[in-house]
Structure formats: structure tokens, C-alpha cells
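Participant: Take a look at the following structure, please.
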Amino acid sequence: MTHALRGRPADASEPVDGVSEQVKDSSGGVADARNAGYAGVAPVLAAALLWGTVGPAQVLAESSASPVAVGACRMLLGGLVLGAFTARLPGLRTLWRPGVRGPMAVSILVTAAFQACFLAAVAKAGAALATAAAFGTVPVVAGICTYALTGERLSRAWWAGTPCAIVGIALLLVPGSSGRADPAGILLAVVAGTSFGVYITMTKRIADRGADTRSAAPVSVVCAGLLVSPVLFVAPEGLTEPRTLLLVGWLALATTALGYLLFTRGITRISAATAGTLSLAEPLVATVLGLVLLGERWSPVAGAGAVLLLAGLVVVSVPAPTRRPRTPAPAPNAVPPTRIRPAAGRVPSAPARRAPEPHDRNTPG
């Protein structure tokens, strides 16, 4: 049951990015491990692509509603829809285990912080800049938390792809590349990215302790929405506008319900550090949408940053190759064992018994 929840091969040793380096089953275990890695990367990357539309959708809607109020509506509606498809009573019971309650509480708090800070950052700094600043911090935070809390070794692909992607993010943040620089907006974006990095690590920790992540996701989102919901009574202005309702519908159904469904399906098959790096697809999507839909223009520096970011995502998205266990080679001077065959027509005789000696102690008399 534990291996089924974790999504890891039951016979794998020393997982790296959710794919074991050595698989004991030499017939098909290596292929199964690589397929598991791809099966984890695809849904997490798809969720990141959906989440990359949050900022541009908020800018296109031009809603007069408070970003925090929009985030509360998004979490409440999206969490309830997600729970209707994924939450089951046996899975909900696993969230109350002694080793799971702490990570669940942390995931609820950071989910609320992420929603409130990120949408406010988009309102202040723009979609592309806020998304780049937020998710540029995610892989670093996720990698550090993974190593500190679980001792999980960071893979060579993470070390190669993550710095490349972060440099690309830094180039996107260069003044004049995209968006408008706003210190408060960038600070809110960094807090949002830190919160999401912690959420990724907590989700992996919940899965590693045998809890049902499909039930944990809607509980985290709905409870976070309840924490932020008082703002609905403090600042309800603009929530009933048609453009606001369309924005909440997209954010709740597509980026929350479907996005978290894909994310929880893939996170159990890859490491938290890899999931953090894959989240860097979000600023790439936001930047492309800003170029196509919002009339933003790329400078050569921003174009180079986008290329580096994409290259880093490609490096991290490819699961590490697995190695089949090798059969030890024979020693250079070793003589292979031979089977002595009897000559034709002869039957090997039984070894002759030693005749008892006169003074043998086993001889009677």
C-alpha cells in the first residue's frame, strides 16, 4: 500500500527524481522506472502550464475586485470542485495520522499565503514580472527543503538544469525586459514563490508518510480559502462583475481544480526538487502570453533568458537513465568449471570403501 501511494517501484533502490538508479528486475524494471519518471513529469508540467495563465488572465480581466478576494473565491470554488472528484472518506482519514497533521497544517498556511501574495504581486508588478520573480524562487526553496527535511539527494539533472533556468529568470527580471519593476510587487512574488516551494515539499512529505495526496490537495485549498475568506466581507466590491465572474471561473476550474489534480498525480512519481524546477514553466508561459496577448515586447536579453529557461526545463524534465545490474566478470585466470563425462560404454563405479584396519576402533573385537 505504501508503494502504491508513493508511486515508486517496490523493488527500487536509492530513488533519484523518483526513478531508481538500479532496478532489481532485469527483464522490465528499468523500462517501468523510466516510464514512471515520464508519467510524473508530464502532469506536473501540464499543471505548471495551466498555472502560468493565472497572471495574464488577471490582467486581461481588468477586474476592479480585490486580488485577495478573487483568490479566496478561487480557492473555495476550485477546492470544492477538486474535492468532488478526488476526496474520499478513507483518504481523508489518512490526513489525521500523527505524522501527517503537521505537514497538512503547513500546506494549508502556505497555500493561503501563496494565493494572497501572488495575485497581489500580479496587480502591482504585472503578470510576466510577478510570475518570473515568484517561480524563480520555487526550485531553490524546494531543493533546500527537500534536503533539509528528508535528506533526499539532489540529482545531477537538478544541479544542471536549475541554475540554467534561474539565470533565465534573472534575465527576464532585467529592467526593460518585460513588465514593470515594483519593489513591493517583487517582494510579494518572492514570498509567494517561497510558499509554493514549501507546499511542494509538504505534499511529498504527506505522500511519503502514506497519506492520500488526492484528498490532501482539496483540503489544503478549501481550508486556505476559509482562512482568507474574511476579506470577502471586508472588500466585496467588484466580485459580481461579469469579467470578475469569468476570471474566478477560469482560475477555479482550470488552474485550481484541474491544475492541482494534475499536480498531485505527478508529484508522487518525481522528487520535490524536480517538481520545483518544472514549475519554472509558469513564467515562460506568462511571458509568452504577455508577448502575444498583452502587447508586451521582448528585448534581446529577455529572449536569451527565455531560451535558457526552456533549456533548463528540458534538462530537468528528462528522467535520469537507469542502469541494469551488471553480472560480475570472471577473473582473468579463472578456469571455467567443466563437467567430467564418463567414457562411452562405461558406467562410473561407486568409490571403493576403505577396509577396516586391524586396530580400528570401529572394528568389532
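Chain labels follow the order of the C-alpha cells: the first chain is A, the next B, and so on; residue numbering restarts at 1 in every chain, and ligands are counted from 1 in their shown order.
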Write out as JSON lines the residues of stretch 18-133 of chain A that have any atom within 7 Å of an atom of stretch 275-297 of chain A, one row each with the nearest atom pair and its distance in Å to one decimal, counting only C-alpha atoms, sorted by chain and then rising number.

Facilitator:
```
{"residue": "A:Val44", "atom": "CA", "partner": "A:Ala275", "partner_atom": "CA", "distance": 6.8}
{"residue": "A:Leu45", "atom": "CA", "partner": "A:Leu278", "partner_atom": "CA", "distance": 5.9}
{"residue": "A:Ala48", "atom": "CA", "partner": "A:Ser279", "partner_atom": "CA", "distance": 5.3}
{"residue": "A:Leu49", "atom": "CA", "partner": "A:Glu282", "partner_atom": "CA", "distance": 5.7}
{"residue": "A:Trp51", "atom": "CA", "partner": "A:Glu282", "partner_atom": "CA", "distance": 6.1}
{"residue": "A:Gly52", "atom": "CA", "partner": "A:Glu282", "partner_atom": "CA", "distance": 3.9}
{"residue": "A:Thr53", "atom": "CA", "partner": "A:Ala286", "partner_atom": "CA", "distance": 6.1}
{"residue": "A:Gly55", "atom": "CA", "partner": "A:Ala286", "partner_atom": "CA", "distance": 6.7}
{"residue": "A:Pro56", "atom": "CA", "partner": "A:Ala286", "partner_atom": "CA", "distance": 6.3}
{"residue": "A:Ala127", "atom": "CA", "partner": "A:Ala286", "partner_atom": "CA", "distance": 6.4}
{"residue": "A:Ala128", "atom": "CA", "partner": "A:Thr287", "partner_atom": "CA", "distance": 4.9}
{"residue": "A:Thr131", "atom": "CA", "partner": "A:Pro283", "partner_atom": "CA", "distance": 5.0}
{"residue": "A:Ala132", "atom": "CA", "partner": "A:Pro283", "partner_atom": "CA", "distance": 4.7}
```

Participant: So which residues touch stretch 148-165 of chain A within 6 Å, counting only C-alpha atoms, skipping near sequence neighbours fewer than 6 positions away, as an MDAnalysis selection string?

Facilitator: chainID A and resid 308:309 312 315:316

Participant: Which residue out of A:Gly193, A:Gly143, A:Gly185, A:Pro103 has the minimum interatomic distance to A:Ala123 when only C-alpha atoms are used?

Facilitator: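 The closest residue to A:Ala123 is A:Gly185.
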
Participant: List the neighbours of A:Val122 out to 12 Å using only C-alpha atoms; skip same-chain residues closer than 5 positions along the sequence, and give me the result as a PyMOL selection string.

Facilitator: chain A and resi 52-60+62+66-68+71+114-117+127-134+179-182+184-190+192+283+286

Participant: Hey, what's within 7 Å of A:Ile108 if we count only C-alpha atoms and toss same-chain stuff fewer than 5 positions away? As an MDAnalysis selection string, please?

Facilitator: chainID A and resid 220:221 223:224

Participant: For stretch 247-259 of chain A, please output as a CSV table (one decimal) with C-alpha atoms, in the first residue's frame all residues within 8 Å (counting only C-alpha atoms; exclusion window: fewer than 4 positions along the same chain).

Facilitator:
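Saved result, out_35.csv, follows:
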```csv
chain,number,residue,atom,x,y,z
A,46,ALA,CA,0.9,20.4,-17.6
A,47,ALA,CA,-0.2,21.9,-14.2
A,48,ALA,CA,2.6,24.4,-14.5
A,50,LEU,CA,-2.1,26.0,-16.6
A,51,TRP,CA,-0.8,28.0,-13.6
A,53,THR,CA,-2.1,31.6,-17.3
A,54,VAL,CA,-3.1,33.0,-13.9
A,57,ALA,CA,-5.9,36.1,-17.1
A,58,GLN,CA,-6.0,38.5,-14.2
A,61,ALA,CA,-10.0,40.6,-17.0
A,70,VAL,CA,-10.5,36.9,-6.1
A,73,CYS,CA,-13.2,32.8,-4.3
A,74,ARG,CA,-10.8,30.8,-6.5
A,75,MET,CA,-9.7,28.6,-3.6
A,77,LEU,CA,-14.8,27.1,-5.6
A,78,GLY,CA,-11.8,25.3,-7.0
A,79,GLY,CA,-11.2,23.3,-3.9
A,81,VAL,CA,-14.8,21.0,-7.3
A,82,LEU,CA,-11.5,19.3,-6.9
A,243,ARG,CA,-15.5,39.9,-16.0
A,263,PHE,CA,0.0,18.2,-9.9
```
